[in-house]
Amino acid sequence: MPHPYVLLSAAVSLDGYLDDTGPERLLLSSPADFDRVDEVRASVDAILIGAGTVRADNPRLLVNSPERRAARTAAGLPEYPLKVTVSGSGDLDPAAQFWHTGGEKVLYTTDKSAERARALGLATDVVPLGADLDWRRLLTHLHDVRGVRRLMVEGGGLIHTQLLTQGLADELQLVLAPLFVGDPGAPRLFGPGGYQSGRLRLLETRRIEDVVLMRYEPTAPGTGPLPVAADHHWLALACELAAQCPPSDTAFSVGAVVVAADGTELARGHSREGGDPVVHAEEAALAKTDPADPRLAGATVYSSLEPCARRASRPAPCARLILDAGVRRVVTAWREPDTFVAEADGSGVLAAGGVEVVVLPEFEERAKAPNRHLPR
């Protein structure tokens, strides 16, 4: 199901701590960086923190700039983003500032703890998620029910760790502060867990007074039927490649990317690439790979349109080329309509050959955009 774009935001010491063990909150960011955080808050639909952060820091979690709040209301948005917290116990102080400042609030908890939270009289909408806290269900609810498209997560470390290890974080904004904590009892940003393989992609570095902002996005594909954040990034690229296709009245415009398990891009291609009037996107991309490359067995093919199961222009359809390459996972945005081939079922061919096919319908309109001129 569609999820919001999830942005993790944190500041850490040089030795990786979020705070020390003193009675007062350790200020890691500079004044200019606090203003940057305020700007990011103003740009999102919701801000999420864990119950531990509510208890430890008693934050208000506001957009502080009157100008930014005015710009939100002028754009038809609430003055403040939705404030979200998550608690397995539902046991939170009803007097905390979190509940009594800003705009709307929502608490996600378990079925068992929802009754306790309501009995406390918390000034919030209480949403039970089932027997356990389920991050995918939470994100789907935020997207579908609350209309959240961009979610900023400000901690704590356990929540950051869970979202990253489950492949649900689209971006990490990390600020590095020039100091050390050195206390093993202090909270760290990330804990142990089953993190995805591969290196994150560096999007930006920026000096802000005496701290440094680093923005990263994950690159490693998922490994099964559940999509991860990197799957969205790569499929978006495939849709962008489709827009580069020379237009045709007799064939679809499609983009494709082949990505290794560690997030390394192996190849990309698009329909009619290089002046070939009949080459398909997956065919063009796979032609650029080494058939003997062992990484193909763990790779994912991203295609803006379901790989073809039948074609007249070449001996082998793209579904067969993918199977022959040894690829065992395909992510696509759009099932092939009957425009040129009746009852096309490339996904069925792939599944019968042992390939995991993941369809992300939230990208369907992007995939259709360069094909609007074709008959339906």
# chains A, B, ... in the order shown; residues from 1 in each chain; ligands from 1
$ select_by_dssp --residues "stretch 117-203 of chain A" --states "strand (DSSP E)" --output "number ranges by chain"
A: 125-128, 150-153, 171-176, 201-203
$ write_last_selection --atoms "N, CA and C atoms" --output "compact mmCIF listing (two decimals), in the first residue's frame"
# COMPACT_ATOMS: atom_id res chain seq x y z
N ASP A 125 -6.22 11.79 18.91
CA ASP A 125 -6.94 10.69 18.28
C ASP A 125 -6.12 9.43 18.52
N VAL A 126 -6.72 8.41 19.13
CA VAL A 126 -6.03 7.16 19.44
C VAL A 126 -6.37 6.13 18.37
N VAL A 127 -5.34 5.59 17.71
CA VAL A 127 -5.54 4.63 16.62
C VAL A 127 -4.87 3.31 16.99
N PRO A 128 -5.64 2.25 17.22
CA PRO A 128 -5.05 0.93 17.48
C PRO A 128 -4.59 0.28 16.18
N ARG A 150 4.30 13.56 3.21
CA ARG A 150 5.68 13.69 3.69
C ARG A 150 5.66 13.64 5.22
N LEU A 151 6.43 12.70 5.76
CA LEU A 151 6.50 12.48 7.20
C LEU A 151 7.92 12.70 7.68
N MET A 152 8.08 13.58 8.66
CA MET A 152 9.37 13.83 9.28
C MET A 152 9.42 13.07 10.61
N VAL A 153 10.45 12.26 10.81
CA VAL A 153 10.60 11.48 12.03
C VAL A 153 11.79 12.04 12.81
N GLU A 171 14.75 8.76 3.40
CA GLU A 171 15.85 9.71 3.48
C GLU A 171 16.31 9.85 4.92
N LEU A 172 17.61 10.02 5.10
CA LEU A 172 18.20 10.29 6.41
C LEU A 172 18.88 11.64 6.36
N GLN A 173 18.44 12.56 7.22
CA GLN A 173 19.10 13.86 7.37
C GLN A 173 19.83 13.84 8.71
N LEU A 174 21.15 13.75 8.63
CA LEU A 174 21.98 13.58 9.82
C LEU A 174 22.88 14.79 10.00
N VAL A 175 22.81 15.39 11.19
CA VAL A 175 23.67 16.51 11.53
C VAL A 175 24.74 16.02 12.50
N LEU A 176 25.99 16.30 12.18
CA LEU A 176 27.14 15.88 12.99
C LEU A 176 27.65 17.08 13.77
N ARG A 201 23.26 6.34 -0.59
CA ARG A 201 23.71 7.36 -1.54
C ARG A 201 23.73 8.72 -0.87
N LEU A 202 24.85 9.41 -0.97
CA LEU A 202 24.97 10.75 -0.41
C LEU A 202 24.31 11.75 -1.35
N LEU A 203 23.31 12.45 -0.85
CA LEU A 203 22.58 13.43 -1.64
C LEU A 203 23.11 14.85 -1.47
$ residues_around --residues "A:Leu82" --least-positions-apart "6" --cutoff "8 Å" --atoms "only C-alpha atoms" --output "number ranges by chain"
A: 45-47, 103-106
$ closest_residue --among "A:Asp231, A:Arg60, A:Ala51, A:Thr73" --to "A:Asp93" --atoms "only C-alpha atoms"
A:Ala51
$ closest_residue --among "A:Ala114, A:Leu62, A:Val228, A:Val212" --to "A:Gly167" --atoms "only C-alpha atoms"
A:Val228
$ residues_around --residues "A:Tyr17" --least-positions-apart "3" --cutoff "9 Å" --atoms "only C-alpha atoms" --output "PyMOL selection string"
chain A and resi 11-14+20+180-183+186-190
$ write_last_selection --atoms "all heavy atoms" --output "mmCIF file, in the first residue's frame"
data_model
loop_
_atom_site.group_PDB
_atom_site.id
_atom_site.type_symbol
_atom_site.label_atom_id
_atom_site.label_comp_id
_atom_site.auth_asym_id
_atom_site.auth_seq_id
_atom_site.Cartn_x
_atom_site.Cartn_y
_atom_site.Cartn_z
ATOM 1 N N ALA A 11 20.379 14.696 15.079
ATOM 2 C CA ALA A 11 21.702 15.293 15.292
ATOM 3 C C ALA A 11 22.453 14.411 16.283
ATOM 4 O O ALA A 11 21.877 13.944 17.275
ATOM 5 C CB ALA A 11 21.570 16.709 15.839
ATOM 6 N N VAL A 12 23.721 14.170 16.000
ATOM 7 C CA VAL A 12 24.514 13.289 16.853
ATOM 8 C C VAL A 12 25.880 13.907 17.129
ATOM 9 O O VAL A 12 26.368 14.762 16.377
ATOM 10 C CB VAL A 12 24.723 11.895 16.217
ATOM 11 C CG1 VAL A 12 23.413 11.156 16.085
ATOM 12 C CG2 VAL A 12 25.424 12.000 14.872
ATOM 13 N N SER A 13 26.489 13.434 18.204
ATOM 14 C CA SER A 13 27.864 13.812 18.506
ATOM 15 C C SER A 13 28.809 13.069 17.572
ATOM 16 O O SER A 13 28.401 12.156 16.845
ATOM 17 C CB SER A 13 28.182 13.460 19.961
ATOM 18 O OG SER A 13 28.121 12.049 20.145
ATOM 19 N N LEU A 14 30.079 13.435 17.620
ATOM 20 C CA LEU A 14 31.061 12.765 16.769
ATOM 21 C C LEU A 14 31.173 11.280 17.080
ATOM 22 O O LEU A 14 31.541 10.486 16.210
ATOM 23 C CB LEU A 14 32.432 13.431 16.916
ATOM 24 C CG LEU A 14 32.574 14.824 16.301
ATOM 25 C CD1 LEU A 14 33.930 15.426 16.653
ATOM 26 C CD2 LEU A 14 32.393 14.787 14.794
ATOM 27 N N ASP A 20 23.426 13.184 26.235
ATOM 28 C CA ASP A 20 24.212 12.644 27.326
ATOM 29 C C ASP A 20 23.248 12.168 28.410
ATOM 30 O O ASP A 20 22.038 12.035 28.161
ATOM 31 C CB ASP A 20 25.216 13.675 27.848
ATOM 32 C CG ASP A 20 24.549 14.966 28.317
ATOM 33 O OD1 ASP A 20 23.328 14.949 28.597
ATOM 34 O OD2 ASP A 20 25.244 15.996 28.409
ATOM 35 N N PHE A 180 32.097 15.302 21.778
ATOM 36 C CA PHE A 180 32.035 13.898 22.158
ATOM 37 C C PHE A 180 31.206 13.756 23.427
ATOM 38 O O PHE A 180 31.196 14.653 24.281
ATOM 39 C CB PHE A 180 33.445 13.340 22.410
ATOM 40 C CG PHE A 180 34.307 13.271 21.176
ATOM 41 C CD1 PHE A 180 35.127 14.337 20.850
ATOM 42 C CD2 PHE A 180 34.283 12.156 20.352
ATOM 43 C CE1 PHE A 180 35.925 14.295 19.709
ATOM 44 C CE2 PHE A 180 35.079 12.117 19.208
ATOM 45 C CZ PHE A 180 35.900 13.176 18.889
ATOM 46 N N VAL A 181 30.541 12.610 23.552
ATOM 47 C CA VAL A 181 29.783 12.301 24.767
ATOM 48 C C VAL A 181 30.522 11.256 25.589
ATOM 49 O O VAL A 181 30.804 11.456 26.765
ATOM 50 C CB VAL A 181 28.351 11.831 24.421
ATOM 51 C CG1 VAL A 181 27.631 11.320 25.665
ATOM 52 C CG2 VAL A 181 27.569 12.968 23.793
ATOM 53 N N GLY A 182 30.828 10.120 24.976
ATOM 54 C CA GLY A 182 31.669 9.129 25.628
ATOM 55 C C GLY A 182 31.047 8.375 26.778
ATOM 56 O O GLY A 182 31.746 7.668 27.508
ATOM 57 N N ASP A 183 29.754 8.507 26.996
ATOM 58 C CA ASP A 183 29.085 7.850 28.117
ATOM 59 C C ASP A 183 28.322 6.641 27.577
ATOM 60 O O ASP A 183 27.348 6.802 26.842
ATOM 61 C CB ASP A 183 28.117 8.833 28.786
ATOM 62 C CG ASP A 183 27.470 8.270 30.036
ATOM 63 O OD1 ASP A 183 27.469 7.032 30.196
ATOM 64 O OD2 ASP A 183 26.959 9.066 30.840
ATOM 65 N N ALA A 186 24.517 6.687 27.619
ATOM 66 C CA ALA A 186 23.763 7.694 26.871
ATOM 67 C C ALA A 186 23.112 7.061 25.649
ATOM 68 O O ALA A 186 23.586 6.050 25.122
ATOM 69 C CB ALA A 186 24.695 8.823 26.452
ATOM 70 N N PRO A 187 22.022 7.652 25.156
ATOM 71 C CA PRO A 187 21.323 7.073 23.999
ATOM 72 C C PRO A 187 22.074 7.303 22.699
ATOM 73 O O PRO A 187 22.582 8.389 22.442
ATOM 74 C CB PRO A 187 19.984 7.812 23.997
ATOM 75 C CG PRO A 187 20.249 9.109 24.681
ATOM 76 C CD PRO A 187 21.298 8.824 25.713
ATOM 77 N N ARG A 188 22.111 6.265 21.889
ATOM 78 C CA ARG A 188 22.731 6.350 20.571
ATOM 79 C C ARG A 188 21.654 6.473 19.499
ATOM 80 O O ARG A 188 20.492 6.114 19.722
ATOM 81 C CB ARG A 188 23.583 5.113 20.301
ATOM 82 C CG ARG A 188 24.903 5.082 21.048
ATOM 83 C CD ARG A 188 25.753 3.903 20.586
ATOM 84 N NE ARG A 188 27.087 3.948 21.153
ATOM 85 C CZ ARG A 188 28.102 4.634 20.640
ATOM 86 N NH1 ARG A 188 27.917 5.340 19.534
ATOM 87 N NH2 ARG A 188 29.283 4.626 21.214
ATOM 88 N N LEU A 189 22.078 6.940 18.330
ATOM 89 C CA LEU A 189 21.126 7.105 17.245
ATOM 90 C C LEU A 189 20.630 5.768 16.720
ATOM 91 O O LEU A 189 19.432 5.541 16.586
ATOM 92 C CB LEU A 189 21.762 7.909 16.099
ATOM 93 C CG LEU A 189 20.915 8.053 14.827
ATOM 94 C CD1 LEU A 189 19.551 8.654 15.138
ATOM 95 C CD2 LEU A 189 21.646 8.899 13.797
ATOM 96 N N PHE A 190 21.543 4.845 16.430
ATOM 97 C CA PHE A 190 21.149 3.566 15.849
ATOM 98 C C PHE A 190 21.599 2.427 16.740
ATOM 99 O O PHE A 190 22.714 2.425 17.269
ATOM 100 C CB PHE A 190 21.745 3.381 14.454
ATOM 101 C CG PHE A 190 21.262 4.393 13.461
ATOM 102 C CD1 PHE A 190 22.154 5.235 12.815
ATOM 103 C CD2 PHE A 190 19.917 4.513 13.175
ATOM 104 C CE1 PHE A 190 21.710 6.173 11.900
ATOM 105 C CE2 PHE A 190 19.456 5.455 12.266
ATOM 106 C CZ PHE A 190 20.357 6.287 11.631
#
$ atom_distance --atom1 "atom CA of A:Glu365" --atom2 "atom CA of A:Leu241"
14.3 Å
$ atom_distance --atom1 "atom CA of A:Val327" --atom2 "atom CA of A:Val355"
7.3 Å
$ closest_residue --among "A:Gly50, A:Pro227, A:Pro31, A:Pro78" --to "A:Val211" --atoms "only C-alpha atoms"
A:Pro31
$ residues_around --residues "stretch 338-346 of chain A" --least-positions-apart "4" --cutoff "10 Å" --atoms "only C-alpha atoms" --output "PyMOL selection string"
chain A and resi 250-252+305-312+317-320+350-352+357+374-376
$ residues_around --residues "A:Val331" --least-positions-apart "4" --cutoff "8 Å" --atoms "only C-alpha atoms" --output "PDB file with N, CA and C atoms, in the first residue's frame"
ATOM      1  N   ASP A 231      13.120   0.640  -3.362  1.00  0.00           N
ATOM      2  CA  ASP A 231      12.314   0.210  -4.511  1.00  0.00           C
ATOM      3  C   ASP A 231      11.575   1.386  -5.126  1.00  0.00           C
ATOM      4  N   LEU A 235      12.177   2.657  -8.990  1.00  0.00           N
ATOM      5  CA  LEU A 235      11.048   2.645  -9.916  1.00  0.00           C
ATOM      6  C   LEU A 235      10.739   4.046 -10.422  1.00  0.00           C
ATOM      7  N   THR A 300      17.471  -6.871  -8.894  1.00  0.00           N
ATOM      8  CA  THR A 300      16.078  -6.539  -9.155  1.00  0.00           C
ATOM      9  C   THR A 300      16.015  -5.742 -10.441  1.00  0.00           C
ATOM     10  N   VAL A 301      15.049  -6.072 -11.302  1.00  0.00           N
ATOM     11  CA  VAL A 301      14.771  -5.286 -12.494  1.00  0.00           C
ATOM     12  C   VAL A 301      13.574  -4.390 -12.199  1.00  0.00           C
ATOM     13  N   TYR A 302      13.751  -3.102 -12.396  1.00  0.00           N
ATOM     14  CA  TYR A 302      12.664  -2.129 -12.244  1.00  0.00           C
ATOM     15  C   TYR A 302      12.209  -1.723 -13.631  1.00  0.00           C
ATOM     16  N   SER A 303      10.926  -1.878 -13.897  1.00  0.00           N
ATOM     17  CA  SER A 303      10.381  -1.530 -15.201  1.00  0.00           C
ATOM     18  C   SER A 303       9.100  -0.742 -15.019  1.00  0.00           C
ATOM     19  N   VAL A 357       7.391 -10.918  -8.353  1.00  0.00           N
ATOM     20  CA  VAL A 357       6.934  -9.728  -9.058  1.00  0.00           C
ATOM     21  C   VAL A 357       6.198  -8.829  -8.067  1.00  0.00           C
ATOM     22  N   VAL A 358       6.667  -7.587  -7.942  1.00  0.00           N
ATOM     23  CA  VAL A 358       6.079  -6.603  -7.038  1.00  0.00           C
ATOM     24  C   VAL A 358       5.517  -5.467  -7.875  1.00  0.00           C
ATOM     25  N   VAL A 359       4.255  -5.165  -7.701  1.00  0.00           N
ATOM     26  CA  VAL A 359       3.606  -4.072  -8.434  1.00  0.00           C
ATOM     27  C   VAL A 359       3.344  -2.933  -7.463  1.00  0.00           C
ATOM     28  N   LEU A 360       3.808  -1.745  -7.820  1.00  0.00           N
ATOM     29  CA  LEU A 360       3.594  -0.549  -6.994  1.00  0.00           C
ATOM     30  C   LEU A 360       2.635   0.376  -7.741  1.00  0.00           C
TER      31      LEU A 360
END
$ residues_around --residues "A:Gly156" --least-positions-apart "3" --cutoff "8 Å" --atoms "only C-alpha atoms" --output "list in words"
Ile49, Gly50, Gly52, Thr53, Ile159, His160 and Leu189 of chain A
$ write_last_selection --atoms "N, CA, C and O atoms" --output "compact mmCIF listing (two decimals), in the first residue's frame"
# COMPACT_ATOMS: atom_id res chain seq x y z
N ILE A 49 7.38 11.41 16.61
CA ILE A 49 8.38 11.05 17.62
C ILE A 49 7.84 9.89 18.43
O ILE A 49 6.63 9.66 18.49
N GLY A 50 8.73 9.16 19.08
CA GLY A 50 8.32 8.05 19.91
C GLY A 50 7.87 8.50 21.28
O GLY A 50 8.15 9.62 21.73
N GLY A 52 8.99 7.54 24.07
CA GLY A 52 10.15 7.79 24.92
C GLY A 52 10.65 9.22 24.81
O GLY A 52 11.07 9.83 25.80
N THR A 53 10.59 9.76 23.60
CA THR A 53 11.01 11.15 23.40
C THR A 53 10.00 12.11 24.04
O THR A 53 10.39 13.14 24.60
N ILE A 159 13.14 4.17 17.16
CA ILE A 159 12.26 4.33 16.00
C ILE A 159 13.07 4.49 14.72
O ILE A 159 12.75 3.89 13.69
N HIS A 160 14.13 5.28 14.77
CA HIS A 160 14.99 5.41 13.59
C HIS A 160 15.53 4.03 13.18
O HIS A 160 15.57 3.69 11.98
N LEU A 189 22.08 6.94 18.33
CA LEU A 189 21.13 7.11 17.24
C LEU A 189 20.63 5.77 16.72
O LEU A 189 19.43 5.54 16.59
$ residues_around --residues "A:Ala131" --least-positions-apart "3" --cutoff "10 Å" --atoms "only C-alpha atoms" --output "number ranges by chain"
A: 88, 109-113, 128, 134
$ select_by_dssp --residues "stretch 58-177 of chain A" --states "alpha helix (DSSP H)" --output "PyMOL selection string"
chain A and resi 66-74+97-100+111-119+135-144+157-165
$ write_last_selection --atoms "N, CA and C atoms" --output "short mmCIF file (atom, residue, chain, number, x, y, z; two decimals), in the first residue's frame"
data_model
loop_
_atom_site.label_atom_id
_atom_site.label_comp_id
_atom_site.auth_asym_id
_atom_site.auth_seq_id
_atom_site.Cartn_x
_atom_site.Cartn_y
_atom_site.Cartn_z
N PRO A 66 6.74 32.44 12.49
CA PRO A 66 5.40 32.92 12.08
C PRO A 66 5.26 33.01 10.56
N GLU A 67 6.35 33.37 9.89
CA GLU A 67 6.29 33.49 8.42
C GLU A 67 6.04 32.12 7.78
N ARG A 68 6.66 31.10 8.30
CA ARG A 68 6.47 29.77 7.73
C ARG A 68 5.06 29.26 8.04
N ARG A 69 4.56 29.53 9.21
CA ARG A 69 3.19 29.13 9.51
C ARG A 69 2.20 29.87 8.61
N ALA A 70 2.47 31.14 8.37
CA ALA A 70 1.59 31.92 7.49
C ALA A 70 1.64 31.37 6.07
N ALA A 71 2.80 30.95 5.62
CA ALA A 71 2.92 30.38 4.28
C ALA A 71 2.15 29.08 4.17
N ARG A 72 2.14 28.30 5.23
CA ARG A 72 1.36 27.05 5.22
C ARG A 72 -0.13 27.36 5.09
N THR A 73 -0.63 28.28 5.88
CA THR A 73 -2.06 28.59 5.83
C THR A 73 -2.43 29.22 4.48
N ALA A 74 -1.53 30.04 3.93
CA ALA A 74 -1.80 30.64 2.61
C ALA A 74 -1.88 29.58 1.52
N GLN A 97 3.50 18.64 27.08
CA GLN A 97 3.33 19.76 26.15
C GLN A 97 2.92 19.28 24.75
N PHE A 98 3.33 18.07 24.40
CA PHE A 98 3.03 17.51 23.08
C PHE A 98 1.55 17.61 22.75
N TRP A 99 0.69 17.36 23.76
CA TRP A 99 -0.76 17.32 23.54
C TRP A 99 -1.41 18.70 23.50
N HIS A 100 -0.73 19.69 24.04
CA HIS A 100 -1.40 20.97 24.30
C HIS A 100 -0.82 22.14 23.50
N ASP A 111 -4.02 -2.66 20.13
CA ASP A 111 -5.43 -2.80 20.51
C ASP A 111 -5.57 -2.83 22.04
N LYS A 112 -4.69 -3.55 22.69
CA LYS A 112 -4.77 -3.70 24.14
C LYS A 112 -4.53 -2.39 24.86
N SER A 113 -3.61 -1.57 24.35
CA SER A 113 -3.23 -0.33 25.04
C SER A 113 -4.10 0.86 24.66
N ALA A 114 -4.89 0.72 23.61
CA ALA A 114 -5.73 1.85 23.19
C ALA A 114 -6.72 2.23 24.27
N GLU A 115 -7.28 1.24 24.96
CA GLU A 115 -8.24 1.51 26.03
C GLU A 115 -7.58 2.31 27.15
N ARG A 116 -6.34 1.93 27.50
CA ARG A 116 -5.63 2.67 28.54
C ARG A 116 -5.39 4.11 28.12
N ALA A 117 -4.96 4.32 26.87
CA ALA A 117 -4.68 5.67 26.39
C ALA A 117 -5.94 6.53 26.42
N ARG A 118 -7.06 5.95 26.01
CA ARG A 118 -8.31 6.72 26.03
C ARG A 118 -8.73 7.05 27.45
N ALA A 119 -8.50 6.12 28.38
CA ALA A 119 -8.89 6.35 29.77
C ALA A 119 -8.09 7.48 30.40
N TRP A 135 4.57 -0.98 11.67
CA TRP A 135 4.97 0.27 11.01
C TRP A 135 4.34 0.41 9.63
N ARG A 136 4.23 -0.66 8.89
CA ARG A 136 3.63 -0.55 7.55
C ARG A 136 2.15 -0.17 7.67
N ARG A 137 1.46 -0.75 8.62
CA ARG A 137 0.06 -0.40 8.81
C ARG A 137 -0.08 1.05 9.27
N LEU A 138 0.84 1.48 10.14
CA LEU A 138 0.82 2.87 10.61
C LEU A 138 1.02 3.83 9.43
N LEU A 139 2.00 3.56 8.60
CA LEU A 139 2.29 4.46 7.48
C LEU A 139 1.16 4.47 6.47
N THR A 140 0.55 3.31 6.25
CA THR A 140 -0.59 3.26 5.34
C THR A 140 -1.76 4.08 5.88
N HIS A 141 -2.01 3.99 7.18
CA HIS A 141 -3.08 4.77 7.79
C HIS A 141 -2.79 6.27 7.67
N LEU A 142 -1.56 6.67 7.93
CA LEU A 142 -1.22 8.09 7.78
C LEU A 142 -1.46 8.57 6.35
N HIS A 143 -1.09 7.74 5.38
CA HIS A 143 -1.24 8.11 3.97
C HIS A 143 -2.70 8.15 3.55
N ASP A 144 -3.42 7.06 3.84
CA ASP A 144 -4.77 6.90 3.29
C ASP A 144 -5.83 7.65 4.09
N GLY A 157 16.07 7.03 18.90
CA GLY A 157 16.93 6.11 18.21
C GLY A 157 16.29 4.78 17.88
N LEU A 158 15.43 4.26 18.77
CA LEU A 158 14.78 2.98 18.51
C LEU A 158 13.88 3.07 17.28
N ILE A 159 13.14 4.17 17.16
CA ILE A 159 12.26 4.33 16.00
C ILE A 159 13.07 4.49 14.72
N HIS A 160 14.13 5.28 14.77
CA HIS A 160 14.99 5.41 13.59
C HIS A 160 15.53 4.03 13.18
N THR A 161 15.96 3.25 14.15
CA THR A 161 16.50 1.92 13.87
C THR A 161 15.45 1.02 13.24
N GLN A 162 14.24 1.02 13.81
CA GLN A 162 13.17 0.16 13.27
C GLN A 162 12.81 0.54 11.84
N LEU A 163 12.69 1.82 11.56
CA LEU A 163 12.30 2.25 10.22
C LEU A 163 13.38 1.93 9.20
N LEU A 164 14.64 2.07 9.59
CA LEU A 164 15.72 1.74 8.66
C LEU A 164 15.84 0.24 8.44
N THR A 165 15.79 -0.54 9.51
CA THR A 165 15.96 -1.98 9.35
C THR A 165 14.79 -2.61 8.60
#
$ atom_distance --atom1 "atom CA of A:Tyr108" --atom2 "atom CA of A:Glu362"
24.3 Å
$ closest_residue --among "A:Leu286, A:Ala169, A:Ala10, A:Leu133" --to "A:Ala229" --atoms "only C-alpha atoms"
A:Ala169
$ closest_residue --among "A:Leu226, A:Ala220, A:Ala243, A:Ala123" --to "A:Ala260" --atoms "only C-alpha atoms"
A:Ala220
$ closest_residue --among "A:Asp249, A:Pro184, A:Val86, A:Pro221" --to "A:Arg372" --atoms "only C-alpha atoms"
A:Asp249
$ decode --residues "stretch 189-195 of chain A" --atoms "all heavy atoms" --output "CSV table (one decimal), in the first residue's frame"
chain,number,residue,atom,x,y,z
A,189,LEU,N,22.1,6.9,18.3
A,189,LEU,CA,21.1,7.1,17.2
A,189,LEU,C,20.6,5.8,16.7
A,189,LEU,O,19.4,5.5,16.6
A,189,LEU,CB,21.8,7.9,16.1
A,189,LEU,CG,20.9,8.1,14.8
A,189,LEU,CD1,19.6,8.7,15.1
A,189,LEU,CD2,21.6,8.9,13.8
A,190,PHE,N,21.5,4.8,16.4
A,190,PHE,CA,21.1,3.6,15.8
A,190,PHE,C,21.6,2.4,16.7
A,190,PHE,O,22.7,2.4,17.3
A,190,PHE,CB,21.7,3.4,14.5
A,190,PHE,CG,21.3,4.4,13.5
A,190,PHE,CD1,22.2,5.2,12.8
A,190,PHE,CD2,19.9,4.5,13.2
A,190,PHE,CE1,21.7,6.2,11.9
A,190,PHE,CE2,19.5,5.5,12.3
A,190,PHE,CZ,20.4,6.3,11.6
A,191,GLY,N,20.7,1.4,16.9
A,191,GLY,CA,21.0,0.3,17.6
A,191,GLY,C,21.3,-0.9,16.7
A,191,GLY,O,21.3,-0.8,15.5
A,192,PRO,N,21.6,-2.1,17.3
A,192,PRO,CA,21.8,-3.3,16.5
A,192,PRO,C,20.5,-3.7,15.8
A,192,PRO,O,19.4,-3.4,16.2
A,192,PRO,CB,22.2,-4.3,17.5
A,192,PRO,CG,21.7,-3.9,18.8
A,192,PRO,CD,21.7,-2.4,18.7
A,193,GLY,N,20.7,-4.3,14.6
A,193,GLY,CA,19.6,-4.8,13.8
A,193,GLY,C,20.0,-5.3,12.5
A,193,GLY,O,21.1,-5.2,12.1
A,194,GLY,N,19.0,-5.8,11.8
A,194,GLY,CA,19.2,-6.4,10.5
A,194,GLY,C,19.1,-5.3,9.4
A,194,GLY,O,18.1,-5.3,8.6
A,195,TYR,N,20.1,-4.5,9.3
A,195,TYR,CA,20.1,-3.4,8.3
A,195,TYR,C,20.3,-4.0,6.9
A,195,TYR,O,20.9,-5.0,6.7
A,195,TYR,CB,21.2,-2.4,8.6
A,195,TYR,CG,21.0,-1.6,9.8
A,195,TYR,CD1,21.6,-2.0,11.0
A,195,TYR,CD2,20.2,-0.4,9.9
A,195,TYR,CE1,21.4,-1.3,12.2
A,195,TYR,CE2,20.0,0.3,11.0
A,195,TYR,CZ,20.6,-0.2,12.2
A,195,TYR,OH,20.4,0.5,13.4
